[in-house]
>>> print(open('work_2.txt').read())   # compact mmCIF, C-alpha atoms
# COMPACT_ATOMS: atom_id res chain seq x y z
CA MET A 1 -38.86 -39.33 34.63
CA ILE A 2 -42.58 -39.18 35.27
CA PRO A 3 -44.45 -37.26 32.53
CA ILE A 4 -45.71 -33.92 33.78
CA ASP A 5 -49.09 -34.54 32.11
CA HIS A 6 -49.81 -37.51 34.32
CA ILE A 7 -48.88 -35.67 37.51
CA MET A 8 -51.18 -32.82 36.52
CA ILE A 9 -54.02 -35.17 35.68
CA LEU A 10 -53.64 -36.83 39.09
CA SER A 11 -53.67 -33.38 40.67
CA ALA A 12 -56.82 -32.46 38.71
CA ILE A 13 -58.55 -35.71 39.73
CA LEU A 14 -57.80 -35.10 43.41
CA PHE A 15 -58.95 -31.47 43.16
CA ALA A 16 -62.20 -32.50 41.46
CA ILE A 17 -62.85 -35.11 44.16
CA GLY A 18 -62.31 -32.37 46.74
CA VAL A 19 -64.76 -30.05 44.97
CA ALA A 20 -67.35 -32.83 44.79
CA GLY A 21 -66.85 -33.57 48.49
CA VAL A 22 -67.38 -29.94 49.46
CA ILE A 23 -70.60 -29.71 47.46
CA ILE A 24 -72.05 -33.19 48.04
CA ARG A 25 -71.35 -34.01 51.68
CA ARG A 26 -73.30 -32.31 54.43
CA ASN A 27 -71.09 -33.16 57.38
CA ALA A 28 -68.95 -30.14 58.25
CA ILE A 29 -65.91 -32.25 59.15
CA ILE A 30 -66.06 -34.14 55.85
CA VAL A 31 -66.31 -30.82 53.99
CA PHE A 32 -63.20 -29.74 55.88
CA LEU A 33 -61.40 -32.94 54.91
CA SER A 34 -62.27 -32.24 51.27
CA ILE A 35 -60.76 -28.77 51.55
CA GLU A 36 -57.54 -30.35 52.86
CA LEU A 37 -57.64 -32.71 49.90
CA MET A 38 -57.90 -29.78 47.48
CA LEU A 39 -54.93 -28.10 49.15
CA ASN A 40 -52.95 -31.32 48.69
CA ALA A 41 -53.91 -31.53 45.03
CA VAL A 42 -52.57 -28.01 44.53
CA ASN A 43 -49.40 -28.97 46.40
CA LEU A 44 -48.91 -31.88 44.03
CA GLY A 45 -49.24 -29.50 41.09
CA PHE A 46 -46.64 -27.18 42.61
CA ILE A 47 -44.17 -30.02 43.22
CA GLY A 48 -44.73 -31.47 39.76
CA PHE A 49 -44.07 -28.18 38.01
CA ALA A 50 -41.15 -27.36 40.32
CA THR A 51 -39.44 -30.62 39.37
CA HIS A 52 -40.31 -30.17 35.73
CA MET A 53 -39.02 -26.58 35.58
CA HIS A 54 -35.97 -27.21 37.80
CA SER A 55 -37.23 -24.57 40.20
CA MET A 56 -37.29 -24.29 43.98
CA VAL A 57 -40.10 -21.73 44.17
CA GLY A 58 -42.81 -24.40 43.92
CA VAL A 59 -41.29 -26.34 46.82
CA LEU A 60 -41.16 -23.23 48.99
CA PHE A 61 -44.74 -22.41 48.08
CA VAL A 62 -45.80 -25.89 49.21
CA PHE A 63 -44.10 -25.17 52.52
CA PHE A 64 -46.18 -22.02 52.97
CA VAL A 65 -49.37 -23.78 51.88
CA LEU A 66 -48.70 -26.43 54.53
CA VAL A 67 -48.46 -23.80 57.25
CA VAL A 68 -51.65 -22.09 56.09
CA ALA A 69 -53.41 -25.46 56.01
CA ALA A 70 -52.32 -26.22 59.55
CA ALA A 71 -53.52 -22.84 60.81
CA GLU A 72 -56.80 -23.21 58.94
CA ALA A 73 -57.40 -26.71 60.36
CA VAL A 74 -56.75 -25.57 63.92
CA VAL A 75 -59.05 -22.54 63.78
CA GLY A 76 -61.72 -24.33 61.75
CA LEU A 77 -61.90 -27.28 64.11
CA ALA A 78 -62.12 -24.93 67.08
CA ILE A 79 -65.05 -23.15 65.39
CA MET A 80 -66.65 -26.53 64.75
CA LEU A 81 -66.31 -27.51 68.41
CA GLU A 82 -68.04 -24.26 69.38
CA ILE A 83 -70.86 -24.82 66.85
CA PHE A 84 -71.37 -28.36 68.12
CA ARG A 85 -71.56 -27.09 71.69
CA ASN A 86 -74.26 -24.59 70.75
CA LYS A 87 -76.32 -26.50 68.19
CA GLU A 88 -75.54 -30.19 68.90
CA THR A 89 -75.18 -30.86 65.18
CA LEU A 90 -72.58 -30.66 62.43
CA ASN A 91 -75.05 -31.02 59.56
CA LEU A 92 -74.44 -27.99 57.36
CA ASP A 93 -78.11 -27.81 56.35
CA GLU A 94 -79.09 -27.20 59.97
CA ILE A 95 -76.46 -24.53 60.62
CA ASN A 96 -78.49 -21.62 59.23
CA LEU A 97 -78.24 -19.00 61.93
CA LEU A 98 -77.40 -16.26 59.43
CA LYS A 99 -80.49 -17.05 57.31
CA TRP A 100 -83.42 -15.10 58.78
CA MET B 1 -40.04 -45.91 39.22
CA ASN B 2 -42.89 -44.97 36.91
CA ILE B 3 -44.77 -48.06 38.02
CA LEU B 4 -44.46 -46.87 41.62
CA PHE B 5 -45.93 -43.52 40.59
CA TYR B 6 -48.97 -45.10 38.94
CA LEU B 7 -49.45 -47.54 41.83
CA PHE B 8 -49.48 -44.78 44.43
CA ALA B 9 -51.51 -42.48 42.17
CA VAL B 10 -54.24 -45.13 42.08
CA LEU B 11 -53.96 -45.54 45.85
CA ALA B 12 -54.26 -41.77 46.36
CA VAL B 13 -57.34 -41.54 44.13
CA LEU B 14 -58.95 -44.51 45.90
CA GLY B 15 -58.25 -43.05 49.33
CA ALA B 16 -59.52 -39.64 48.28
CA SER B 17 -62.68 -40.92 46.62
CA SER B 18 -63.63 -42.94 49.68
CA VAL B 19 -63.96 -39.60 51.48
CA LEU B 20 -66.91 -39.02 49.15
CA TYR B 21 -68.94 -42.09 49.92
CA MET B 22 -67.95 -43.44 53.36
CA ARG B 23 -70.52 -42.78 56.07
CA ASN B 24 -68.35 -42.89 59.15
CA PRO B 25 -66.16 -39.76 59.45
CA VAL B 26 -63.43 -41.82 61.13
CA TYR B 27 -63.14 -44.05 58.07
CA CYS B 28 -63.08 -40.95 55.85
CA THR B 29 -60.22 -39.47 57.84
CA LEU B 30 -58.21 -42.69 57.87
CA SER B 31 -58.59 -43.22 54.13
CA LEU B 32 -57.50 -39.63 53.60
CA VAL B 33 -54.41 -40.38 55.70
CA GLY B 34 -53.69 -43.19 53.25
CA ALA B 35 -54.13 -40.80 50.32
CA PHE B 36 -51.77 -38.25 51.90
CA PHE B 37 -49.21 -40.97 52.55
CA SER B 38 -49.39 -42.02 48.89
CA LEU B 39 -48.88 -38.38 47.91
CA GLY B 40 -45.79 -38.37 50.14
CA VAL B 41 -44.40 -41.33 48.20
CA ILE B 42 -45.08 -39.46 44.95
CA TYR B 43 -43.18 -36.45 46.32
CA VAL B 44 -40.19 -38.73 46.96
CA LEU B 45 -40.40 -39.93 43.36
CA LEU B 46 -40.38 -36.25 42.30
CA ASN B 47 -37.09 -35.60 44.16
CA SER B 48 -38.72 -33.59 46.98
CA GLU B 49 -37.69 -35.59 50.01
CA PHE B 50 -38.11 -32.69 52.40
CA ILE B 51 -41.69 -32.00 51.35
CA ALA B 52 -42.43 -35.73 51.50
CA THR B 53 -41.21 -35.86 55.10
CA VAL B 54 -43.20 -32.78 56.03
CA GLN B 55 -46.23 -34.24 54.28
CA VAL B 56 -46.12 -37.42 56.35
CA LEU B 57 -45.22 -35.69 59.61
CA VAL B 58 -47.47 -32.64 59.46
CA TYR B 59 -50.35 -33.67 57.23
CA ALA B 60 -50.78 -37.40 57.79
CA GLY B 61 -49.41 -37.15 61.31
CA ALA B 62 -50.53 -33.94 62.95
CA ILE B 63 -53.46 -32.43 61.04
CA MET B 64 -55.30 -35.71 60.47
CA VAL B 65 -54.81 -36.75 64.09
CA LEU B 66 -56.33 -33.39 65.04
CA PHE B 67 -59.33 -34.23 62.86
CA LEU B 68 -59.60 -37.65 64.49
CA PHE B 69 -59.48 -36.06 67.94
CA VAL B 70 -62.31 -33.69 67.08
CA ILE B 71 -64.42 -36.42 65.47
CA MET B 72 -64.04 -38.68 68.48
CA LEU B 73 -64.59 -35.78 70.87
CA LEU B 74 -67.84 -34.81 69.17
CA ASN B 75 -69.01 -38.38 68.61
CA VAL B 76 -70.59 -37.47 65.29
CA GLU B 77 -73.15 -40.16 64.60
CA THR B 78 -75.76 -37.92 63.02
CA GLU B 79 -74.94 -38.81 59.45
CA LYS B 80 -76.20 -42.34 59.89
CA ARG B 81 -79.70 -40.92 60.07
CA PHE B 82 -79.24 -39.10 56.78
CA PRO B 83 -78.11 -41.74 54.28
CA PHE B 84 -76.56 -40.53 51.06
CA ARG B 85 -79.00 -40.14 48.19
CA TRP B 86 -78.78 -38.63 44.73
CA ARG B 87 -80.80 -35.48 45.19
CA PRO B 88 -80.46 -32.36 42.98
CA PRO B 89 -77.65 -30.76 45.04
CA GLN B 90 -75.61 -33.97 44.82
CA VAL B 91 -76.12 -34.20 41.05
CA ILE B 92 -75.17 -30.55 40.61
CA GLY B 93 -72.08 -31.10 42.74
CA ALA B 94 -70.96 -34.11 40.74
CA VAL B 95 -71.50 -32.29 37.43
CA LEU B 96 -69.65 -29.23 38.68
CA ALA B 97 -66.72 -31.34 39.86
CA GLY B 98 -66.62 -33.01 36.43
CA VAL B 99 -66.58 -29.63 34.69
CA ILE B 100 -63.75 -28.40 36.92
CA PHE B 101 -61.81 -31.60 36.26
CA VAL B 102 -62.14 -31.23 32.50
CA GLN B 103 -61.10 -27.59 32.63
CA LEU B 104 -58.09 -28.32 34.82
CA VAL B 105 -56.95 -31.12 32.53
CA GLY B 106 -57.41 -28.88 29.51
CA LEU B 107 -55.36 -26.21 31.22
CA PHE B 108 -52.55 -28.38 32.57
CA ALA B 109 -52.25 -30.84 29.69
CA ASN B 110 -51.95 -27.96 27.26
CA PRO B 111 -48.33 -28.06 26.04
CA ARG B 112 -48.19 -24.29 25.98
CA SER B 113 -48.66 -24.14 29.76
CA GLN B 114 -45.69 -26.45 30.29
CA THR B 115 -43.01 -24.44 28.56
CA GLY B 116 -40.92 -21.65 29.91
CA PRO B 117 -37.37 -20.86 30.92
CA LEU B 118 -35.90 -23.51 33.19
CA ALA B 119 -34.74 -22.29 36.58
CA ASP B 120 -31.30 -23.10 37.91
CA TYR B 121 -32.05 -25.95 40.33
CA PRO B 122 -31.83 -29.16 38.27
CA ALA B 123 -31.96 -32.53 40.01
CA ASP B 124 -28.22 -33.17 39.91
CA ARG B 125 -27.46 -29.82 41.56
CA LEU B 126 -30.04 -30.57 44.27
CA ALA B 127 -28.49 -34.01 44.76
CA ARG B 128 -25.06 -32.41 45.10
CA GLU B 129 -26.01 -29.52 47.40
CA GLY B 130 -28.85 -31.21 49.26
CA THR B 131 -32.58 -30.42 49.04
CA VAL B 132 -32.99 -29.41 52.66
CA GLU B 133 -29.90 -27.18 52.56
CA THR B 134 -31.19 -25.42 49.44
CA ILE B 135 -34.67 -24.92 50.91
CA GLY B 136 -33.22 -23.60 54.16
CA GLN B 137 -30.89 -21.24 52.34
CA LEU B 138 -33.70 -19.82 50.19
CA LEU B 139 -36.06 -19.63 53.15
CA PHE B 140 -33.68 -17.48 55.17
CA THR B 141 -32.44 -15.27 52.33
CA ASP B 142 -34.87 -14.59 49.50
CA TYR B 143 -38.03 -15.66 51.30
CA VAL B 144 -37.34 -14.42 54.80
CA LEU B 145 -40.29 -12.01 54.83
CA PRO B 146 -42.93 -14.68 53.97
CA PHE B 147 -41.23 -16.94 56.52
CA GLU B 148 -41.65 -14.35 59.28
CA VAL B 149 -45.21 -13.59 58.17
CA ILE B 150 -46.28 -17.23 58.43
CA SER B 151 -44.80 -17.39 61.92
CA VAL B 152 -47.16 -14.54 62.86
CA LEU B 153 -49.99 -16.42 61.11
CA LEU B 154 -49.29 -19.50 63.22
CA LEU B 155 -49.29 -17.38 66.38
CA VAL B 156 -52.65 -15.87 65.39
CA ALA B 157 -54.03 -19.38 64.74
CA ILE B 158 -52.86 -20.62 68.16
CA ILE B 159 -54.40 -17.66 69.97
CA GLY B 160 -57.61 -17.96 67.95
CA ALA B 161 -57.95 -21.66 68.69
CA VAL B 162 -57.38 -21.15 72.41
CA VAL B 163 -59.91 -18.31 72.56
CA LEU B 164 -62.50 -20.27 70.59
CA ALA B 165 -62.10 -23.55 72.44
CA LYS B 166 -62.08 -22.01 75.91
CA ARG B 167 -65.00 -23.38 77.87
CA ARG B 168 -67.20 -20.56 79.05
CA VAL B 169 -68.68 -20.96 82.51
CA LYS B 170 -72.37 -20.18 82.50
CA ASN B 171 -72.54 -19.15 86.17
CA GLU B 172 -73.06 -15.46 86.84
CA GLY B 173 -70.20 -13.69 88.49
CA THR B 174 -67.52 -15.92 87.03
CA GLU B 175 -66.91 -14.21 83.73
CA GLY B 176 -65.00 -16.61 81.51
CA GLN B 177 -62.21 -18.59 83.07
>>> encode(input="work_2.txt", output="structure tokens")
Amino acid sequence: MIPIDHIMILSAILFAIGVAGVIIRRNAIIVFLSIELMLNAVNLGFIGFATHMHSMVGVLFVFFVLVVAAAEAVVGLAIMLEIFRNKETLNLDEINLLKW
Amino acid sequence: MNILFYLFAVLAVLGASSVLYMRNPVYCTLSLVGAFFSLGVIYVLLNSEFIATVQVLVYAGAIMVLFLFVIMLLNVETEKRFPFRWRPPQVIGAVLAGVIFVQLVGLFANPRSQTGPLADYPADRLAREGTVETIGQLLFTDYVLPFEVISVLLLVAIIGAVVLAKRRVKNEGTEGQ
């Protein structure tokens, strides 16, 4: 039996790496990858606690998170394609159309 | 079994952290695929075979391939002209990530957050009745409303992606396509 502490610490490490990626990197696709990484860290937390608590709710929640992540990736990448067509860049510092 | 967990935990952290410092987005995506695959192995070790399968098929297989498609379609080479440097935003980001990590560990590793009444799906019952059967049964009885709602969500995402990615013809007279 894997100790729940260690699973949670792994989940926290992955989530923190995701947060750092969102803030540090300036490429929109890398920021998106970091968001996926954070979703996966949360999934790991759900699975860890579900196993620990003998529950199925965490597993079902992971299922729903997966679907939301897929939908988010599809729409986000489509938006990115459109931005790249208009501005020829994916650098987040240069995408400042709302800042007048 | 525990050794496998620590081995793949290290692999997951290595794959995830290389997203932070690799220049080429293709390398970032591929290392993240490795991290997701390691997470799938950890899910198997945690008795969630179904989620492990879905993780490898949907995450490492479908979503990451979608990312790769977009990266190769856009030919993103711009980041090579902006090498990574430790400027104030980067320092703030690293500090903030550290703070969030410490808080999460303090929250999760707190023994009080790990107690509570055990639910009625222990590992031996799941092994007897089958994980996939149990998930399917719950999904179509207790959780049928969320299940239907996410099907609508997927439909909305499909329509949104098609509308967004549709190439607009600039010529006058031909409105859209």
>>> residues_around(input="work_2.txt", residues="Ala70 of chain A", least_positions_apart="5", cutoff="9 Å", atoms="all atoms listed in the file", output="VMD selection string")
(chain A and resid 65 75) or (chain B and resid 58 to 59 62 to 63 154 157)
>>> closest_atom_pairs(input="work_2.txt", of="chain B", to="chain A", cutoff="6 Å", atoms="all atoms listed in the file", output="JSON lines")
{"residue": "B:Leu20", "atom": "CA", "partner": "A:Gly21", "partner_atom": "CA", "distance": 5.5}
{"residue": "B:Gln90", "atom": "CA", "partner": "A:Ile24", "partner_atom": "CA", "distance": 4.9}
{"residue": "B:Gly93", "atom": "CA", "partner": "A:Ile23", "partner_atom": "CA", "distance": 5.1}
{"residue": "B:Ala94", "atom": "CA", "partner": "A:Ala20", "partner_atom": "CA", "distance": 5.6}
{"residue": "B:Ala97", "atom": "CA", "partner": "A:Ala16", "partner_atom": "CA", "distance": 4.9}
{"residue": "B:Phe101", "atom": "CA", "partner": "A:Ala16", "partner_atom": "CA", "distance": 5.3}
{"residue": "B:Leu104", "atom": "CA", "partner": "A:Ala12", "partner_atom": "CA", "distance": 5.8}
{"residue": "B:Val105", "atom": "CA", "partner": "A:Ile9", "partner_atom": "CA", "distance": 5.9}
{"residue": "B:Ala109", "atom": "CA", "partner": "A:Asp5", "partner_atom": "CA", "distance": 5.4}
{"residue": "B:Leu118", "atom": "CA", "partner": "A:Met53", "partner_atom": "CA", "distance": 5.0}
{"residue": "B:Ala119", "atom": "CA", "partner": "A:Ser55", "partner_atom": "CA", "distance": 5.0}
{"residue": "B:Tyr121", "atom": "CA", "partner": "A:His54", "partner_atom": "CA", "distance": 4.8}
{"residue": "B:Pro122", "atom": "CA", "partner": "A:His54", "partner_atom": "CA", "distance": 4.6}
{"residue": "B:Leu154", "atom": "CA", "partner": "A:Ala71", "partner_atom": "CA", "distance": 5.9}
{"residue": "B:Ala157", "atom": "CA", "partner": "A:Ala71", "partner_atom": "CA", "distance": 5.3}
{"residue": "B:Ala161", "atom": "CA", "partner": "A:Val75", "partner_atom": "CA", "distance": 5.1}
{"residue": "B:Leu164", "atom": "CA", "partner": "A:Ala78", "partner_atom": "CA", "distance": 5.8}
{"residue": "B:Ala165", "atom": "CA", "partner": "A:Ala78", "partner_atom": "CA", "distance": 5.5}
>>> write_last_selection(input="work_2.txt", atoms="C-alpha atoms", output="compact mmCIF listing (two decimals), in the frame of the given file")
# COMPACT_ATOMS: atom_id res chain seq x y z
CA LEU B 20 -66.91 -39.02 49.15
CA GLN B 90 -75.61 -33.97 44.82
CA GLY B 93 -72.08 -31.10 42.74
CA ALA B 94 -70.96 -34.11 40.74
CA ALA B 97 -66.72 -31.34 39.86
CA PHE B 101 -61.81 -31.60 36.26
CA LEU B 104 -58.09 -28.32 34.82
CA VAL B 105 -56.95 -31.12 32.53
CA ALA B 109 -52.25 -30.84 29.69
CA LEU B 118 -35.90 -23.51 33.19
CA ALA B 119 -34.74 -22.29 36.58
CA TYR B 121 -32.05 -25.95 40.33
CA PRO B 122 -31.83 -29.16 38.27
CA LEU B 154 -49.29 -19.50 63.22
CA ALA B 157 -54.03 -19.38 64.74
CA ALA B 161 -57.95 -21.66 68.69
CA LEU B 164 -62.50 -20.27 70.59
CA ALA B 165 -62.10 -23.55 72.44
>>> atom_distance(input="work_2.txt", atom1="atom CA of Leu92 of chain A", atom2="atom CA of Leu73 of chain B")
18.4 Å
>>> atom_distance(input="work_2.txt", atom1="atom CA of Met1 of chain B", atom2="atom CA of Thr53 of chain B")
18.8 Å
>>> closest_residue(input="work_2.txt", among="B:Val152, B:Leu138, B:Ala52, B:Leu30", to="Leu68 of chain B", atoms="only C-alpha atoms")
B:Leu30
>>> atom_distance(input="work_2.txt", atom1="atom CA of Asp124 of chain B", atom2="atom CA of Val41 of chain B")
19.9 Å
>>> closest_residue(input="work_2.txt", among="B:Ile159, B:Phe8, B:Val149, B:Ser48", to="Phe46 of chain A", atoms="only C-alpha atoms")
B:Ser48
>>> residues_around(input="work_2.txt", residues="segment 31-38 of chain B", least_positions_apart="6", cutoff="9 Å", atoms="all atoms listed in the file", output="PyMOL selection string")
(chain A and resi 33+37+40) or (chain B and resi 7-19+52+55-56+59-61+64)
>>> decode(input="work_2.txt", residues="segment 61-84 of chain A", atoms="N, CA, C and O atoms", output="PDB file, in the first residue's frame")
ATOM      1  N   PHE A  61     -15.126  11.472 -10.668  1.00  0.00           N
ATOM      2  CA  PHE A  61     -14.764  12.870 -10.857  1.00  0.00           C
ATOM      3  C   PHE A  61     -13.621  13.009 -11.850  1.00  0.00           C
ATOM      4  O   PHE A  61     -13.617  13.896 -12.709  1.00  0.00           O
ATOM      5  N   VAL A  62     -12.650  12.087 -11.767  1.00  0.00           N
ATOM      6  CA  VAL A  62     -11.534  12.105 -12.722  1.00  0.00           C
ATOM      7  C   VAL A  62     -12.050  11.928 -14.141  1.00  0.00           C
ATOM      8  O   VAL A  62     -11.591  12.592 -15.072  1.00  0.00           O
ATOM      9  N   PHE A  63     -13.042  11.058 -14.292  1.00  0.00           N
ATOM     10  CA  PHE A  63     -13.666  10.854 -15.601  1.00  0.00           C
ATOM     11  C   PHE A  63     -14.221  12.166 -16.151  1.00  0.00           C
ATOM     12  O   PHE A  63     -13.973  12.542 -17.307  1.00  0.00           O
ATOM     13  N   PHE A  64     -14.933  12.912 -15.289  1.00  0.00           N
ATOM     14  CA  PHE A  64     -15.508  14.178 -15.747  1.00  0.00           C
ATOM     15  C   PHE A  64     -14.417  15.212 -16.032  1.00  0.00           C
ATOM     16  O   PHE A  64     -14.519  15.974 -16.993  1.00  0.00           O
ATOM     17  N   VAL A  65     -13.383  15.219 -15.181  1.00  0.00           N
ATOM     18  CA  VAL A  65     -12.277  16.165 -15.413  1.00  0.00           C
ATOM     19  C   VAL A  65     -11.618  15.885 -16.756  1.00  0.00           C
ATOM     20  O   VAL A  65     -11.262  16.814 -17.497  1.00  0.00           O
ATOM     21  N   LEU A  66     -11.488  14.600 -17.098  1.00  0.00           N
ATOM     22  CA  LEU A  66     -10.897  14.235 -18.384  1.00  0.00           C
ATOM     23  C   LEU A  66     -11.700  14.812 -19.541  1.00  0.00           C
ATOM     24  O   LEU A  66     -11.134  15.354 -20.497  1.00  0.00           O
ATOM     25  N   VAL A  67     -13.028  14.698 -19.443  1.00  0.00           N
ATOM     26  CA  VAL A  67     -13.864  15.202 -20.534  1.00  0.00           C
ATOM     27  C   VAL A  67     -13.734  16.716 -20.643  1.00  0.00           C
ATOM     28  O   VAL A  67     -13.591  17.269 -21.744  1.00  0.00           O
ATOM     29  N   VAL A  68     -13.748  17.396 -19.487  1.00  0.00           N
ATOM     30  CA  VAL A  68     -13.609  18.851 -19.511  1.00  0.00           C
ATOM     31  C   VAL A  68     -12.251  19.241 -20.089  1.00  0.00           C
ATOM     32  O   VAL A  68     -12.147  20.193 -20.874  1.00  0.00           O
ATOM     33  N   ALA A  69     -11.202  18.479 -19.738  1.00  0.00           N
ATOM     34  CA  ALA A  69      -9.876  18.787 -20.264  1.00  0.00           C
ATOM     35  C   ALA A  69      -9.832  18.616 -21.775  1.00  0.00           C
ATOM     36  O   ALA A  69      -9.231  19.435 -22.484  1.00  0.00           O
ATOM     37  N   ALA A  70     -10.483  17.569 -22.272  1.00  0.00           N
ATOM     38  CA  ALA A  70     -10.499  17.358 -23.716  1.00  0.00           C
ATOM     39  C   ALA A  70     -11.216  18.503 -24.419  1.00  0.00           C
ATOM     40  O   ALA A  70     -10.713  19.048 -25.420  1.00  0.00           O
ATOM     41  N   ALA A  71     -12.380  18.898 -23.886  1.00  0.00           N
ATOM     42  CA  ALA A  71     -13.132  19.995 -24.496  1.00  0.00           C
ATOM     43  C   ALA A  71     -12.328  21.286 -24.466  1.00  0.00           C
ATOM     44  O   ALA A  71     -12.262  22.026 -25.462  1.00  0.00           O
ATOM     45  N   GLU A  72     -11.671  21.527 -23.324  1.00  0.00           N
ATOM     46  CA  GLU A  72     -10.891  22.750 -23.165  1.00  0.00           C
ATOM     47  C   GLU A  72      -9.721  22.771 -24.148  1.00  0.00           C
ATOM     48  O   GLU A  72      -9.427  23.796 -24.769  1.00  0.00           O
ATOM     49  N   ALA A  73      -9.056  21.610 -24.327  1.00  0.00           N
ATOM     50  CA  ALA A  73      -7.917  21.557 -25.250  1.00  0.00           C
ATOM     51  C   ALA A  73      -8.369  21.839 -26.673  1.00  0.00           C
ATOM     52  O   ALA A  73      -7.727  22.608 -27.403  1.00  0.00           O
ATOM     53  N   VAL A  74      -9.499  21.257 -27.059  1.00  0.00           N
ATOM     54  CA  VAL A  74      -9.975  21.432 -28.435  1.00  0.00           C
ATOM     55  C   VAL A  74     -10.288  22.897 -28.708  1.00  0.00           C
ATOM     56  O   VAL A  74      -9.803  23.489 -29.679  1.00  0.00           O
ATOM     57  N   VAL A  75     -11.087  23.515 -27.819  1.00  0.00           N
ATOM     58  CA  VAL A  75     -11.478  24.903 -28.062  1.00  0.00           C
ATOM     59  C   VAL A  75     -10.280  25.833 -27.937  1.00  0.00           C
ATOM     60  O   VAL A  75     -10.092  26.754 -28.745  1.00  0.00           O
ATOM     61  N   GLY A  76      -9.425  25.589 -26.936  1.00  0.00           N
ATOM     62  CA  GLY A  76      -8.262  26.449 -26.742  1.00  0.00           C
ATOM     63  C   GLY A  76      -7.313  26.406 -27.924  1.00  0.00           C
ATOM     64  O   GLY A  76      -6.809  27.447 -28.367  1.00  0.00           O
ATOM     65  N   LEU A  77      -7.077  25.211 -28.448  1.00  0.00           N
ATOM     66  CA  LEU A  77      -6.168  25.125 -29.593  1.00  0.00           C
ATOM     67  C   LEU A  77      -6.775  25.771 -30.833  1.00  0.00           C
ATOM     68  O   LEU A  77      -6.059  26.368 -31.636  1.00  0.00           O
ATOM     69  N   ALA A  78      -8.097  25.672 -30.978  1.00  0.00           N
ATOM     70  CA  ALA A  78      -8.736  26.357 -32.101  1.00  0.00           C
ATOM     71  C   ALA A  78      -8.580  27.868 -31.973  1.00  0.00           C
ATOM     72  O   ALA A  78      -8.286  28.559 -32.965  1.00  0.00           O
ATOM     73  N   ILE A  79      -8.736  28.387 -30.740  1.00  0.00           N
ATOM     74  CA  ILE A  79      -8.542  29.826 -30.519  1.00  0.00           C
ATOM     75  C   ILE A  79      -7.100  30.206 -30.848  1.00  0.00           C
ATOM     76  O   ILE A  79      -6.831  31.251 -31.475  1.00  0.00           O
ATOM     77  N   MET A  80      -6.161  29.333 -30.443  1.00  0.00           N
ATOM     78  CA  MET A  80      -4.752  29.629 -30.707  1.00  0.00           C
ATOM     79  C   MET A  80      -4.453  29.676 -32.198  1.00  0.00           C
ATOM     80  O   MET A  80      -3.708  30.530 -32.672  1.00  0.00           O
ATOM     81  N   LEU A  81      -5.042  28.739 -32.948  1.00  0.00           N
ATOM     82  CA  LEU A  81      -4.874  28.760 -34.405  1.00  0.00           C
ATOM     83  C   LEU A  81      -5.356  30.087 -34.972  1.00  0.00           C
ATOM     84  O   LEU A  81      -4.693  30.691 -35.829  1.00  0.00           O
ATOM     85  N   GLU A  82      -6.508  30.551 -34.477  1.00  0.00           N
ATOM     86  CA  GLU A  82      -7.078  31.799 -34.995  1.00  0.00           C
ATOM     87  C   GLU A  82      -6.174  32.990 -34.640  1.00  0.00           C
ATOM     88  O   GLU A  82      -5.933  33.871 -35.475  1.00  0.00           O
ATOM     89  N   ILE A  83      -5.636  32.994 -33.396  1.00  0.00           N
ATOM     90  CA  ILE A  83      -4.736  34.081 -32.994  1.00  0.00           C
ATOM     91  C   ILE A  83      -3.491  34.070 -33.864  1.00  0.00           C
ATOM     92  O   ILE A  83      -3.023  35.124 -34.323  1.00  0.00           O
ATOM     93  N   PHE A  84      -2.961  32.872 -34.127  1.00  0.00           N
ATOM     94  CA  PHE A  84      -1.741  32.797 -34.930  1.00  0.00           C
ATOM     95  C   PHE A  84      -2.001  33.272 -36.347  1.00  0.00           C
ATOM     96  O   PHE A  84      -1.142  33.897 -36.973  1.00  0.00           O
TER      97      PHE A  84
END
